[in-house]
Amino acid sequence: MRYILLILGLAVASVMIVAGKRGDMSRKPPIEMWDDMDRQYKLRPQTSANLSPDGRSSRLPVEGTIARGQRFADVPENTGRKPGTTNYVDTIPVAVTPALIERGQERFNINCSPCHGKTGDGNGITKKIGAMPIVATLHDPRIVGLVDGEIFGVISYGKGLMSGYAANVPVEDRWAIVAYVRALQLARLGTADDVPAEHKADLLKK
């Protein structure tokens with residue numbers, strides 16, 4: 001029994017010597033058996049780097065490469081602008097279908113309605129709780145008069161107090177939201193003259 005206690009005591013002492021007592025303060029770094037990748041070889045920004053040809057750690061993207069999933073072609077579907085210009089396209093450059101508008105309604109209700117309200121009147125929950133006392137109504141003649149490409153640009157990159165949603169909402173869904181915003185505006189500001197002739201009879205029945 002004496003030898004067992006001696007061996008146990010030596011084992012405890014060895015562990016304490018190697019690992020130190022838990023909670024002890026020391027200026028010396030602890031002894032680690034496994035570093036769990038706490039310390040890795042890396043280059044800090046704006047410092048010298050022996051591995052790079054020019055000795056800089058900050059590197060620009062490799063020429064000709066793009067980020068995964070990034071849309072890079074200069075086409076209206078990706079930018080909302082006319083190729084090679086800063087001018088917005090007048091109309092949605094994708095096919096407007098019932099499925100697109102339905103998708104736009106879903107994405108609008110998730111991303112836009114908290115501020116703009118489900119009908120686009122600017123009375124979302126953020127205004128009701130006082131988080132954003134002033135929110136634009138999408139039925140404002142100024143906004144109604146914007147071309148489709150500019151609405152796409154505002155959704156993508158924001159304007160004023162509104163943040164951009166390019167990182168959260170894919171390009172296809174942004175156009176779907178544009179289509180649904182136009183549907184909301186027509187529902188609020190449209191007249192009987194905007195109804196297709198084949199459906200005017202149905203309108204009069206109601």
# chains A, B, ... in the order shown; residues from 1 in each chain; ligands from 1
>>> residues_around(residues="stretch 173-183 of chain A", least_positions_apart="6", cutoff="6 Å", atoms="only C-alpha atoms", output="JSON, numbers by chain")
{"A": [100, 101, 104, 105, 108]}
>>> select_by_dssp(residues="stretch 74-191 of chain A", states="strand (DSSP E or B)", output="ChimeraX atom specification")
/A:81,88,158-159,162-163
>>> residues_around(residues="A:Leu203", least_positions_apart="5", cutoff="10 Å", atoms="only C-alpha atoms", output="list of chain:residue names")
A:Ala192, A:Val195, A:Glu198
>>> residues_around(residues="stretch 81-97 of chain A", least_positions_apart="6", cutoff="6 Å", atoms="only C-alpha atoms", output="PyMOL selection string")
chain A and resi 74-75+147-150
>>> write_last_selection(atoms="N, CA and C atoms", output="compact mmCIF listing (two decimals), in the first residue's frame")
# COMPACT_ATOMS: atom_id res chain seq x y z
N ASP A 74 -20.14 41.83 -67.14
CA ASP A 74 -20.75 43.16 -67.18
C ASP A 74 -22.01 43.10 -68.04
N VAL A 75 -23.04 42.51 -67.48
CA VAL A 75 -24.32 42.38 -68.18
C VAL A 75 -25.42 42.90 -67.25
N VAL A 147 -36.27 53.80 -62.58
CA VAL A 147 -36.23 52.68 -63.52
C VAL A 147 -35.91 51.40 -62.75
N ASP A 148 -36.20 50.26 -63.35
CA ASP A 148 -36.03 48.99 -62.65
C ASP A 148 -34.59 48.75 -62.23
N GLY A 149 -33.64 49.16 -63.07
CA GLY A 149 -32.23 48.95 -62.75
C GLY A 149 -31.80 49.70 -61.51
N GLU A 150 -32.37 50.90 -61.30
CA GLU A 150 -31.99 51.68 -60.12
C GLU A 150 -32.55 51.06 -58.85
>>> atom_distance(atom1="atom CA of A:Leu204", atom2="atom CA of A:His139")
24.7 Å
>>> select_by_dssp(residues="stretch 63-194 of chain A", states="helix (DSSP H, G or I)", output="MDAnalysis selection string")
chainID A and resid 76:79 98:111 113:116 125:128 141:144 148:157 171:189 192:194
>>> closest_residue(among="A:Ala166, A:Leu138, A:Val171, A:Ile66", to="A:Lys118", atoms="only C-alpha atoms")
A:Leu138
